[in-house]
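What follows is the content of coords-v7.tsv, which has TSV, C-alpha atoms:
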```tsv
chain	number	residue	atom	x	y	z
A	1	MET	CA	-41.43	17.66	-20.64
A	2	ASN	CA	-43.12	18.89	-23.81
A	3	ILE	CA	-46.82	19.51	-24.36
A	4	HIS	CA	-49.06	20.01	-27.39
A	5	GLU	CA	-49.87	23.36	-28.97
A	6	PHE	CA	-53.50	23.26	-27.80
A	7	GLN	CA	-52.36	22.58	-24.23
A	8	GLY	CA	-49.86	25.44	-24.36
A	9	LYS	CA	-52.57	27.81	-25.53
A	10	GLU	CA	-54.81	26.78	-22.65
A	11	ILE	CA	-52.00	27.78	-20.29
A	12	PHE	CA	-51.48	31.01	-22.23
A	13	ARG	CA	-55.13	31.94	-21.78
A	14	LYS	CA	-54.93	31.37	-18.01
A	15	PHE	CA	-52.22	34.02	-17.86
A	16	GLY	CA	-53.96	36.46	-20.20
A	17	VAL	CA	-51.91	35.81	-23.36
A	18	PRO	CA	-54.21	36.37	-26.39
A	19	THR	CA	-54.73	33.29	-28.59
A	20	PRO	CA	-57.15	32.41	-31.41
A	21	ARG	CA	-60.46	30.81	-30.54
A	22	GLY	CA	-60.34	27.08	-31.13
A	23	GLU	CA	-60.75	23.56	-29.76
A	24	MET	CA	-58.91	20.25	-29.85
A	25	VAL	CA	-60.72	17.43	-31.67
A	26	THR	CA	-60.12	13.73	-32.22
A	27	THR	CA	-62.71	13.01	-34.94
A	28	ALA	CA	-63.70	14.55	-38.26
A	29	GLU	CA	-67.24	15.08	-36.98
A	30	GLN	CA	-65.94	17.11	-34.05
A	31	ALA	CA	-63.85	19.20	-36.44
A	32	LYS	CA	-66.98	20.08	-38.43
A	33	ALA	CA	-68.89	20.99	-35.28
A	34	VAL	CA	-66.09	23.26	-34.04
A	35	ALA	CA	-65.81	24.97	-37.43
A	36	GLN	CA	-69.54	25.67	-37.36
A	37	LYS	CA	-69.31	27.03	-33.81
A	38	LEU	CA	-66.42	29.36	-34.69
A	39	GLY	CA	-68.44	30.83	-37.56
A	40	THR	CA	-65.50	32.44	-39.37
A	41	PRO	CA	-65.07	32.42	-43.18
A	42	VAL	CA	-61.80	30.48	-42.76
A	43	VAL	CA	-60.73	27.97	-40.10
A	44	VAL	CA	-57.35	26.37	-39.64
A	45	VAL	CA	-56.96	22.62	-39.08
A	46	LYS	CA	-53.64	21.85	-37.37
A	47	ALA	CA	-52.10	18.46	-36.56
A	48	GLN	CA	-51.04	18.13	-32.92
A	49	ILE	CA	-47.67	16.41	-32.56
A	50	HIS	CA	-44.54	17.26	-30.58
A	51	ALA	CA	-42.58	18.61	-33.55
A	52	GLY	CA	-42.19	21.79	-35.54
A	53	GLY	CA	-42.37	22.25	-39.29
A	54	ARG	CA	-45.89	20.85	-39.47
A	55	GLY	CA	-46.98	23.24	-42.20
A	56	LYS	CA	-44.29	22.07	-44.61
A	57	GLY	CA	-45.22	18.46	-43.91
A	58	GLY	CA	-48.91	18.97	-44.67
A	59	GLY	CA	-50.04	19.21	-41.06
A	60	VAL	CA	-51.62	22.68	-41.27
A	61	LYS	CA	-54.50	23.31	-43.68
A	62	LEU	CA	-57.05	26.07	-44.30
A	63	ALA	CA	-60.73	25.23	-44.63
A	64	ARG	CA	-63.33	27.64	-46.04
A	65	SER	CA	-66.36	25.74	-44.79
A	66	ALA	CA	-67.31	23.33	-42.03
A	67	ASP	CA	-67.65	20.53	-44.58
A	68	GLU	CA	-64.11	21.18	-45.85
A	69	ALA	CA	-62.82	21.17	-42.28
A	70	GLU	CA	-64.42	17.75	-41.82
A	71	GLN	CA	-62.83	16.44	-45.03
A	72	LEU	CA	-59.39	17.73	-44.08
A	73	ALA	CA	-59.68	16.31	-40.58
A	74	SER	CA	-60.60	12.87	-41.91
A	75	LYS	CA	-57.43	12.85	-44.03
A	76	MET	CA	-55.13	14.20	-41.32
A	77	LEU	CA	-56.26	12.03	-38.42
A	78	GLY	CA	-54.31	8.79	-38.52
A	79	MET	CA	-51.72	10.07	-40.98
A	80	THR	CA	-48.00	9.78	-40.27
A	81	LEU	CA	-46.68	13.32	-40.38
A	82	VAL	CA	-43.02	13.65	-41.34
A	83	THR	CA	-41.20	16.91	-40.60
A	84	GLN	CA	-37.58	17.93	-40.24
A	85	GLN	CA	-37.88	17.46	-36.48
A	86	THR	CA	-39.62	14.06	-36.49
A	87	GLY	CA	-37.07	12.35	-38.70
A	88	PRO	CA	-38.07	9.91	-41.45
A	89	ALA	CA	-40.19	7.79	-39.10
A	90	GLY	CA	-42.63	10.68	-38.56
A	91	ARG	CA	-45.35	10.89	-35.91
A	92	LEU	CA	-48.88	9.51	-35.93
A	93	VAL	CA	-51.53	12.27	-35.81
A	94	ARG	CA	-54.12	11.50	-33.13
A	95	ARG	CA	-55.40	15.02	-32.38
A	96	LEU	CA	-56.18	18.18	-34.29
A	97	LEU	CA	-56.65	21.80	-33.31
A	98	VAL	CA	-59.39	23.65	-35.18
A	99	GLU	CA	-59.06	27.43	-34.89
A	100	GLU	CA	-60.55	30.59	-36.29
A	101	GLY	CA	-58.81	32.23	-39.23
A	102	LEU	CA	-57.43	35.70	-38.52
A	103	ASP	CA	-56.48	38.81	-40.48
A	104	ILE	CA	-52.68	38.54	-40.46
A	105	LYS	CA	-50.77	41.73	-41.15
A	106	ARG	CA	-47.32	40.64	-39.92
A	107	GLU	CA	-45.68	37.46	-38.59
A	108	LEU	CA	-43.07	37.71	-35.82
A	109	TYR	CA	-41.08	35.27	-33.72
A	110	LEU	CA	-41.02	35.41	-29.91
A	111	SER	CA	-39.65	33.12	-27.23
A	112	ILE	CA	-38.48	33.10	-23.63
A	113	LEU	CA	-35.88	30.60	-22.48
A	114	VAL	CA	-33.21	30.07	-19.86
A	115	ASP	CA	-29.80	31.41	-20.90
A	116	ARG	CA	-27.41	29.31	-18.82
A	117	ALA	CA	-24.42	31.48	-19.70
A	118	ALA	CA	-26.19	34.62	-18.47
A	119	GLU	CA	-27.89	32.70	-15.62
A	120	ALA	CA	-31.12	34.48	-16.47
A	121	PRO	CA	-34.19	34.28	-18.69
A	122	VAL	CA	-33.72	35.79	-22.13
A	123	ILE	CA	-36.39	36.96	-24.55
A	124	MET	CA	-35.61	36.26	-28.20
A	125	ALA	CA	-37.57	37.98	-30.93
A	126	SER	CA	-37.36	38.40	-34.69
A	127	THR	CA	-39.26	39.92	-37.57
A	128	ALA	CA	-38.72	36.61	-39.41
A	129	GLY	CA	-41.80	34.95	-37.95
A	130	GLY	CA	-43.15	31.72	-39.40
A	131	MET	CA	-39.64	30.54	-40.28
A	132	GLU	CA	-37.55	27.98	-38.41
A	133	ILE	CA	-35.51	30.05	-35.96
A	134	GLU	CA	-32.48	27.77	-36.42
A	135	GLU	CA	-32.44	28.66	-40.11
A	136	VAL	CA	-32.73	32.38	-39.32
A	137	ALA	CA	-29.89	32.13	-36.81
A	138	HIS	CA	-27.72	30.43	-39.41
A	139	THR	CA	-28.45	32.64	-42.41
A	140	ASN	CA	-29.16	36.01	-40.76
A	141	PRO	CA	-28.18	36.08	-37.07
A	142	SER	CA	-28.54	39.87	-36.89
A	143	ALA	CA	-32.30	39.41	-37.39
A	144	ILE	CA	-32.62	37.92	-33.89
A	145	LEU	CA	-33.10	40.29	-30.96
A	146	ARG	CA	-32.04	39.19	-27.47
A	147	GLU	CA	-33.10	40.86	-24.24
A	148	THR	CA	-31.83	39.41	-20.95
A	149	ILE	CA	-34.20	39.77	-17.99
A	150	ARG	CA	-32.69	40.24	-14.54
A	151	PRO	CA	-34.53	37.72	-12.30
A	152	ALA	CA	-34.46	40.00	-9.25
A	153	VAL	CA	-36.48	42.75	-10.94
A	154	GLY	CA	-38.29	40.90	-13.71
A	155	LEU	CA	-39.43	42.30	-17.04
A	156	GLN	CA	-39.02	46.08	-17.16
A	157	PRO	CA	-40.53	48.76	-19.45
A	158	TYR	CA	-37.15	49.42	-21.07
A	159	ASN	CA	-36.95	45.73	-22.08
A	160	VAL	CA	-40.34	46.08	-23.77
A	161	ARG	CA	-39.37	49.31	-25.55
A	162	LYS	CA	-36.14	47.83	-26.94
A	163	LEU	CA	-37.97	44.78	-28.27
A	164	GLY	CA	-40.89	46.80	-29.65
A	165	PHE	CA	-38.70	49.25	-31.54
A	166	GLY	CA	-36.46	46.41	-32.72
A	167	LEU	CA	-39.48	44.62	-34.15
A	168	GLY	CA	-40.69	47.79	-35.86
A	169	LEU	CA	-43.95	47.94	-33.92
A	170	SER	CA	-45.94	51.15	-33.60
A	171	GLY	CA	-49.35	52.42	-32.56
A	172	GLU	CA	-51.76	49.81	-31.19
A	173	SER	CA	-49.37	46.88	-31.60
A	174	LEU	CA	-46.56	48.67	-29.73
A	175	ALA	CA	-48.96	49.54	-26.91
A	176	ALA	CA	-50.13	45.92	-26.76
A	177	LEU	CA	-46.59	44.51	-26.51
A	178	GLY	CA	-46.09	45.45	-22.82
A	179	PRO	CA	-49.15	43.60	-21.44
A	180	PHE	CA	-48.51	40.73	-23.85
A	181	LEU	CA	-44.90	40.22	-22.70
A	182	GLN	CA	-45.79	40.63	-19.03
A	183	SER	CA	-48.42	37.89	-19.31
A	184	LEU	CA	-46.09	35.60	-21.26
A	185	TYR	CA	-43.21	36.17	-18.83
A	186	ARG	CA	-45.48	35.39	-15.89
A	187	ALA	CA	-46.56	32.15	-17.58
A	188	PHE	CA	-42.91	31.25	-18.12
A	189	ILE	CA	-41.88	31.91	-14.51
A	190	GLU	CA	-44.91	30.56	-12.68
A	191	THR	CA	-45.02	27.25	-14.58
A	192	ASP	CA	-41.26	26.63	-14.25
A	193	ALA	CA	-40.99	26.48	-18.02
A	194	SER	CA	-37.61	26.05	-19.69
A	195	LEU	CA	-38.96	27.36	-23.01
A	196	VAL	CA	-41.96	29.31	-24.22
A	197	GLU	CA	-42.06	29.87	-27.97
A	198	ILE	CA	-44.56	31.56	-30.29
A	199	ASN	CA	-43.89	31.13	-33.98
A	200	PRO	CA	-45.57	33.02	-35.39
A	201	LEU	CA	-46.71	35.82	-33.14
A	202	ILE	CA	-49.03	37.77	-35.43
A	203	VAL	CA	-49.99	41.40	-35.72
A	204	THR	CA	-53.59	41.59	-36.94
A	205	GLY	CA	-55.03	44.22	-39.23
A	206	ASP	CA	-56.39	46.14	-36.24
A	207	GLY	CA	-53.04	46.07	-34.39
A	208	ARG	CA	-53.67	43.21	-31.94
A	209	LEU	CA	-50.90	40.77	-30.95
A	210	ILE	CA	-52.02	37.14	-30.94
A	211	ALA	CA	-50.11	33.92	-30.28
A	212	LEU	CA	-50.89	31.94	-33.41
A	213	ASP	CA	-48.72	29.06	-32.20
A	214	SER	CA	-47.55	27.76	-28.84
A	215	LYS	CA	-44.64	25.62	-27.75
A	216	MET	CA	-43.83	25.03	-24.08
A	217	ASN	CA	-41.15	22.89	-22.45
A	218	PHE	CA	-40.98	22.39	-18.70
A	219	ASP	CA	-38.21	21.60	-16.25
A	220	ASP	CA	-38.82	17.98	-15.22
A	221	ASN	CA	-37.26	18.66	-11.82
A	222	ALA	CA	-40.04	21.16	-11.03
A	223	LEU	CA	-43.02	19.08	-12.12
A	224	TYR	CA	-43.71	17.97	-8.55
A	225	ARG	CA	-44.90	21.56	-8.00
A	226	HIS	CA	-47.23	21.43	-11.01
A	227	LYS	CA	-49.38	18.31	-10.87
A	228	ASP	CA	-51.80	19.85	-13.39
A	229	ILE	CA	-49.01	20.31	-15.94
A	230	ALA	CA	-47.55	16.85	-15.29
A	231	GLU	CA	-50.94	15.40	-16.23
A	232	LEU	CA	-50.58	16.94	-19.71
A	233	ARG	CA	-47.76	14.54	-20.60
A	234	ASP	CA	-48.54	12.56	-23.77
A	235	LEU	CA	-46.65	9.26	-23.66
A	236	ASP	CA	-47.64	8.52	-27.26
A	237	GLU	CA	-45.34	11.36	-28.35
A	238	GLU	CA	-42.28	10.02	-26.51
A	239	ASP	CA	-39.86	7.24	-27.35
A	240	PRO	CA	-41.12	4.02	-25.68
A	241	LEU	CA	-37.68	3.24	-24.26
A	242	GLU	CA	-37.41	6.72	-22.74
A	243	VAL	CA	-40.86	6.29	-21.18
A	244	GLU	CA	-39.82	2.92	-19.75
A	245	ALA	CA	-36.60	4.40	-18.34
A	246	SER	CA	-38.51	7.20	-16.61
A	247	LYS	CA	-40.47	4.61	-14.63
A	248	PHE	CA	-37.24	3.59	-12.91
A	249	LYS	CA	-35.88	7.16	-12.55
A	250	LEU	CA	-33.19	6.54	-15.15
A	251	ASN	CA	-31.91	9.37	-17.34
A	252	TYR	CA	-32.11	7.85	-20.83
A	253	ILE	CA	-32.08	9.44	-24.27
A	254	LYS	CA	-32.11	7.30	-27.39
A	255	LEU	CA	-29.59	8.08	-30.14
A	256	ASP	CA	-28.97	6.51	-33.53
A	257	GLY	CA	-25.77	4.52	-32.95
A	258	THR	CA	-25.03	0.85	-32.22
A	259	VAL	CA	-23.06	0.90	-28.95
A	260	GLY	CA	-25.27	0.98	-25.88
A	261	CYS	CA	-23.87	3.00	-22.95
A	262	MET	CA	-24.54	2.56	-19.23
A	263	VAL	CA	-22.77	5.15	-17.09
A	264	ASN	CA	-23.20	6.82	-13.68
A	265	GLY	CA	-23.01	10.59	-13.86
A	266	ALA	CA	-23.95	12.92	-16.70
A	267	GLY	CA	-20.41	14.22	-17.23
A	268	LEU	CA	-18.94	10.73	-17.43
A	269	ALA	CA	-21.77	9.73	-19.78
A	270	MET	CA	-20.90	12.58	-22.16
A	271	ALA	CA	-17.21	11.64	-22.02
A	272	THR	CA	-18.11	8.01	-22.70
A	273	MET	CA	-20.08	8.91	-25.82
A	274	ASP	CA	-17.17	11.06	-27.00
A	275	ILE	CA	-14.60	8.31	-26.55
A	276	ILE	CA	-16.79	5.79	-28.38
A	277	LYS	CA	-16.85	8.20	-31.33
A	278	LEU	CA	-13.08	8.63	-31.02
A	279	ALA	CA	-12.70	4.85	-31.21
A	280	GLY	CA	-14.68	4.78	-34.46
A	281	GLY	CA	-18.07	3.75	-33.08
A	282	SER	CA	-21.39	5.50	-32.52
A	283	PRO	CA	-23.29	5.66	-29.21
A	284	ALA	CA	-26.84	4.30	-29.23
A	285	ASN	CA	-27.97	6.24	-26.18
A	286	PHE	CA	-27.25	8.47	-23.24
A	287	LEU	CA	-27.95	6.52	-20.04
A	288	ASP	CA	-27.08	7.88	-16.61
A	289	VAL	CA	-28.12	5.41	-13.91
A	290	GLY	CA	-27.28	7.98	-11.24
A	291	GLY	CA	-24.96	7.94	-8.28
A	292	GLY	CA	-27.19	5.95	-5.95
A	293	ALA	CA	-28.58	3.28	-8.28
A	294	SER	CA	-29.53	-0.10	-6.82
A	295	ALA	CA	-28.85	-3.50	-8.36
A	296	GLU	CA	-32.50	-3.55	-9.47
A	297	GLN	CA	-32.13	-0.21	-11.27
A	298	VAL	CA	-28.97	-1.44	-12.97
A	299	LYS	CA	-30.83	-4.55	-14.11
A	300	ASN	CA	-33.67	-2.46	-15.51
A	301	ALA	CA	-31.20	-0.15	-17.24
A	302	PHE	CA	-29.55	-3.14	-18.86
A	303	ARG	CA	-32.92	-4.49	-19.98
A	304	ILE	CA	-33.78	-1.14	-21.61
A	305	LEU	CA	-30.47	-1.12	-23.48
A	306	MET	CA	-31.08	-4.65	-24.73
A	307	SER	CA	-34.56	-3.64	-25.95
A	308	ASP	CA	-33.03	-1.29	-28.53
A	309	LYS	CA	-32.82	-3.36	-31.73
A	310	GLU	CA	-30.02	-1.16	-33.06
A	311	VAL	CA	-27.67	-2.01	-30.19
A	312	ARG	CA	-24.91	-4.46	-31.13
A	313	GLY	CA	-22.87	-4.20	-27.95
A	314	VAL	CA	-22.91	-2.51	-24.54
A	315	PHE	CA	-20.19	-0.45	-22.85
A	316	ILE	CA	-20.60	-0.10	-19.08
A	317	ASN	CA	-18.40	2.65	-17.68
A	318	VAL	CA	-18.80	3.31	-13.97
A	319	PHE	CA	-16.84	5.11	-11.28
A	320	GLY	CA	-17.92	3.52	-8.02
A	321	GLY	CA	-18.81	6.01	-5.33
A	322	ILE	CA	-22.32	5.91	-3.98
A	323	LEU	CA	-23.01	3.26	-6.63
A	324	ARG	CA	-20.51	0.61	-5.49
A	325	CYS	CA	-18.81	-1.59	-8.07
A	326	ASP	CA	-20.10	-4.80	-6.44
A	327	VAL	CA	-23.70	-3.50	-6.67
A	328	LEU	CA	-23.20	-2.68	-10.34
A	329	ALA	CA	-21.69	-6.09	-11.06
A	330	THR	CA	-24.55	-7.88	-9.31
A	331	GLY	CA	-27.12	-5.95	-11.35
A	332	VAL	CA	-25.30	-6.65	-14.61
A	333	VAL	CA	-24.97	-10.37	-13.90
A	334	ASN	CA	-28.63	-10.73	-12.91
A	335	ALA	CA	-29.76	-8.86	-16.02
A	336	ALA	CA	-27.48	-10.83	-18.34
A	337	ARG	CA	-28.79	-14.14	-17.02
A	338	GLU	CA	-32.42	-13.07	-17.07
A	339	LEU	CA	-32.19	-11.69	-20.63
A	340	ASN	CA	-30.11	-14.59	-22.03
A	341	LEU	CA	-27.32	-12.21	-23.07
A	342	THR	CA	-25.86	-12.86	-26.52
A	343	MET	CA	-24.29	-9.54	-27.51
A	344	PRO	CA	-20.84	-8.40	-26.33
A	345	VAL	CA	-20.55	-6.40	-23.12
A	346	VAL	CA	-17.43	-4.50	-22.07
A	347	ILE	CA	-17.17	-3.25	-18.48
A	348	ARG	CA	-14.81	-0.61	-17.13
A	349	MET	CA	-15.20	0.11	-13.45
A	350	GLU	CA	-13.14	1.95	-10.87
A	351	GLY	CA	-13.74	3.02	-7.29
A	352	THR	CA	-15.48	1.59	-4.23
A	353	ASN	CA	-15.37	-2.24	-3.99
A	354	PHE	CA	-13.60	-2.40	-7.35
A	355	GLU	CA	-11.99	-5.83	-6.75
A	356	GLN	CA	-15.21	-7.34	-5.38
A	357	GLY	CA	-17.05	-6.16	-8.49
A	358	ARG	CA	-14.50	-7.63	-10.87
A	359	GLN	CA	-14.59	-10.93	-8.97
A	360	ILE	CA	-18.40	-11.12	-9.25
A	361	LEU	CA	-18.08	-10.64	-13.01
A	362	ARG	CA	-15.32	-13.27	-13.31
A	363	ASP	CA	-17.28	-15.83	-11.26
A	364	SER	CA	-20.47	-15.31	-13.28
A	365	GLY	CA	-19.33	-17.55	-16.12
A	366	LEU	CA	-20.83	-15.04	-18.57
A	367	ASN	CA	-19.14	-13.65	-21.66
A	368	LEU	CA	-18.26	-10.27	-20.13
A	369	THR	CA	-15.12	-8.39	-21.17
A	370	LEU	CA	-13.27	-6.33	-18.58
A	371	ALA	CA	-11.44	-3.16	-19.63
A	372	ASP	CA	-8.43	-1.50	-18.01
A	373	GLY	CA	-9.56	2.05	-18.78
A	374	MET	CA	-11.97	4.18	-20.79
A	375	LYS	CA	-9.92	4.11	-24.00
A	376	ASP	CA	-9.31	0.37	-23.72
A	377	GLY	CA	-13.02	-0.21	-23.09
A	378	ALA	CA	-14.11	1.95	-26.01
A	379	ASP	CA	-11.68	0.23	-28.39
A	380	LYS	CA	-12.85	-3.21	-27.27
A	381	ILE	CA	-16.59	-2.56	-27.56
A	382	VAL	CA	-16.31	-0.88	-30.96
A	383	ARG	CA	-14.31	-3.88	-32.23
A	384	LEU	CA	-16.65	-6.46	-30.69
A	385	ALA	CA	-19.77	-4.61	-31.89
A	386	GLY	CA	-18.59	-4.69	-35.49
A	387	GLY	CA	-16.85	-1.32	-35.81
A	388	ALA	CA	-18.36	1.93	-37.02
A	389	ARG	CA	-21.94	1.95	-38.23
```

As structure tokens, please, write out the structure in this file.
Amino acid sequence: MNIHEFQGKEIFRKFGVPTPRGEMVTTAEQAKAVAQKLGTPVVVVKAQIHAGGRGKGGGVKLARSADEAEQLASKMLGMTLVTQQTGPAGRLVRRLLVEEGLDIKRELYLSILVDRAAEAPVIMASTAGGMEIEEVAHTNPSAILRETIRPAVGLQPYNVRKLGFGLGLSGESLAALGPFLQSLYRAFIETDASLVEINPLIVTGDGRLIALDSKMNFDDNALYRHKDIAELRDLDEEDPLEVEASKFKLNYIKLDGTVGCMVNGAGLAMATMDIIKLAGGSPANFLDVGGGASAEQVKNAFRILMSDKEVRGVFINVFGGILRCDVLATGVVNAARELNLTMPVVIRMEGTNFEQGRQILRDSGLNLTLADGMKDGADKIVRLAGGAR
């Protein structure tokens, strides 16, 4: 789960991570009032969407008076902000963050994330703050510092020293790095975050370290332990089909292809998307109905696939174990009848109650195509769906 910058900074402050003074607003009048309250010569008006690159897209502006902050807010609220991460459709701006302007001496990059290869948290830092880290990694990978943290002992002074010297910090800013990293690491661990990112982390003229930005992602599987964080979810920032799928505990991610996929098991789902590409098609989604899905869940999964206007055909690829083939077939048939199915559907199933499942599909009288294997199924659905996009 992702949250907004202003929400991430509220969490930062709870753990003692320094951030600029500021408030979230939803109207131009509120923006003016906050600017007046801050009382600084410059305030920053920042669009709040779940995407990076806002500055380049016109979503971050400086205002030198409260009246100018109001004018900027009136233009930004309701605009569709397009960045490299939003895609051409962009995101509607519903909220703004109005913050104090600061004396920026240097801009750095800092993040903490889970390194699955190392099976440990890793701190990434760079002197190339304010830039997209993917671009830095591509053009100048040596500019990125990595410091793996051993979970059993946590962040140690030697980790801080290596990062501080690598970033070229000295004096007050070097002394401030230890407490800053300890607070940020505690926020990362205690909220079950999968990513904490600050871009940029600034060094002020008087040597302070301040998180000028905030990005936090959380492990969905741990949200039951953090009801307060779960309440920060903004459904307006998520794909409607993904929101609908989450209601039925379905693992669904929308892609940009034309072949809808319904699979049980994440590994099989990845293999299914690969084989569709190999057959010349393009998957429209990742959809894992899970090992123990019921006929009702299968029906809802099918309905979500059919709701995607880009989908021209559906490939169902299931290995029946906990999810028996007859249960899958019953869900598919019920969904196809309820939704007045018109597009082609190819089904490959193996495993528990395989023959019963195939018989249910044959007896349905619906236009369902059975496949003899993954490759056969992929070839058939790509052909029936009109080939490559």

**Message:** At a cut-off of 10 Å, using all atoms listed in the file, what residues contact Pro121 of chain A? Leave out same-chain residues fewer than 3 positions from it and give the result as an MDAnalysis selection string.
**Reply:** chainID A and resid 112:116 118 124 147:151 154:155 185 188:189 194:195

Write out, as a compact mmCIF listing (two decimals), keeping the file's coordinate frame, the residues just selected, with C-alpha atoms.
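Wrote it out as out.txt, contents follow:
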```
# COMPACT_ATOMS: atom_id res chain seq x y z
CA ILE A 112 -38.48 33.10 -23.63
CA LEU A 113 -35.88 30.60 -22.48
CA VAL A 114 -33.21 30.07 -19.86
CA ASP A 115 -29.80 31.41 -20.90
CA ARG A 116 -27.41 29.31 -18.82
CA ALA A 118 -26.19 34.62 -18.47
CA MET A 124 -35.61 36.26 -28.20
CA GLU A 147 -33.10 40.86 -24.24
CA THR A 148 -31.83 39.41 -20.95
CA ILE A 149 -34.20 39.77 -17.99
CA ARG A 150 -32.69 40.24 -14.54
CA PRO A 151 -34.53 37.72 -12.30
CA GLY A 154 -38.29 40.90 -13.71
CA LEU A 155 -39.43 42.30 -17.04
CA TYR A 185 -43.21 36.17 -18.83
CA PHE A 188 -42.91 31.25 -18.12
CA ILE A 189 -41.88 31.91 -14.51
CA SER A 194 -37.61 26.05 -19.69
CA LEU A 195 -38.96 27.36 -23.01
```

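When atom CA of Val311 of chain A is paired with atom CA of Leu361 of chain A, their separation reads 21.5 Å.
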
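Atom CA of Val136 of chain A is positioned 27.3 Å from atom CA of Thr80 of chain A.
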
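Among the candidates A:Gly280, A:Glu350, A:Leu339, A:Val289, the residue lying nearest to Met306 of chain A is A:Leu339 (atoms considered: only C-alpha atoms).
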
**Asked** Pick from A:Ala385, A:Leu341, A:Val93, A:Ile133: nearest to Gly53 of chain A, with all atoms listed in the file counted?
**Response** A:Ile133

**Message:** Counting only C-alpha atoms, find residues at most 12 Å from (-20.2, 10.0, -13.7) (file frame) and give them as a PyMOL selection string.
**Reply:** chain A and resi 262-272+286-292+316-323+349-351

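Note that atom CA of Gly331 of chain A and atom CA of Glu296 of chain A are 6.2 Å apart.
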
**Best match for closeness to Ala51 of chain A among A:Leu177, A:Val82, A:Leu163, A:Ala35, counting all atoms listed in the file** = A:Val82

**Which of A:Asp192, A:Ala176, A:Lys215, A:Asn251 sits closest to Ala230 of chain A [using all atoms listed in the file]** = A:Asp192

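If only C-alpha atoms are the atoms counted, then among A:Arg91, A:Lys37, A:Arg186, A:Lys46 the closest residue to Asp236 of chain A is A:Arg91.
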
**Asked** Could you pull the residues within 8 Å of segment 253-255 of chain A, counting only C-alpha atoms, minus those fewer than 6 positions along the same chain, as an MDAnalysis selection string?
**Response** chainID A and resid 239 241:242 283:287

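Nearest to Val122 of chain A of all the residues A:Glu244, A:Glu197, A:Glu70, A:Asp256 is A:Glu197, counting all atoms listed in the file.
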
**Asked** Which residues come within 10 Å of Gly55 of chain A, counting all atoms listed in the file, excluding same-chain residues fewer than 3 positions away, as a VMD selection string?
**Response** chain A and resid 46 to 47 52 58 to 61 83 130

Would you give me, as CSV, each residue of segment 175-228 of chain A having an atom within 8 Å of an atom of segment 3-20 of chain A, along with its shortest atom pair and that distance in Å to one decimal, using all atoms listed in the file and sorting by chain and residue number?
```
residue,atom,partner,partner_atom,distance
A:Phe180,CA,A:Val17,CA,6.0
A:Ser183,CA,A:Phe15,CA,5.6
A:Leu184,CA,A:Val17,CA,6.2
A:Arg186,CA,A:Phe15,CA,7.2
A:Ala187,CA,A:Phe15,CA,6.0
A:Leu209,CA,A:Pro18,CA,7.1
A:Ile210,CA,A:Pro18,CA,5.1
A:Ala211,CA,A:Thr19,CA,5.0
A:Leu212,CA,A:Thr19,CA,6.3
A:Asp213,CA,A:Glu5,CA,6.7
A:Ser214,CA,A:Glu5,CA,5.0
A:Lys215,CA,A:Glu5,CA,5.8
A:Met216,CA,A:Gly8,CA,6.1
A:Asn217,CA,A:Ile3,CA,6.9
```

**Request:** Determine, counting all atoms listed in the file, which protein, DNA and RNA residues have an atom within 8 Å of an atom of Ala245 of chain A; residues of the same chain fewer than 5 positions away are not included. Present the result as a PyMOL selection string.
**Result:** chain A and resi 250-252+300-301+304
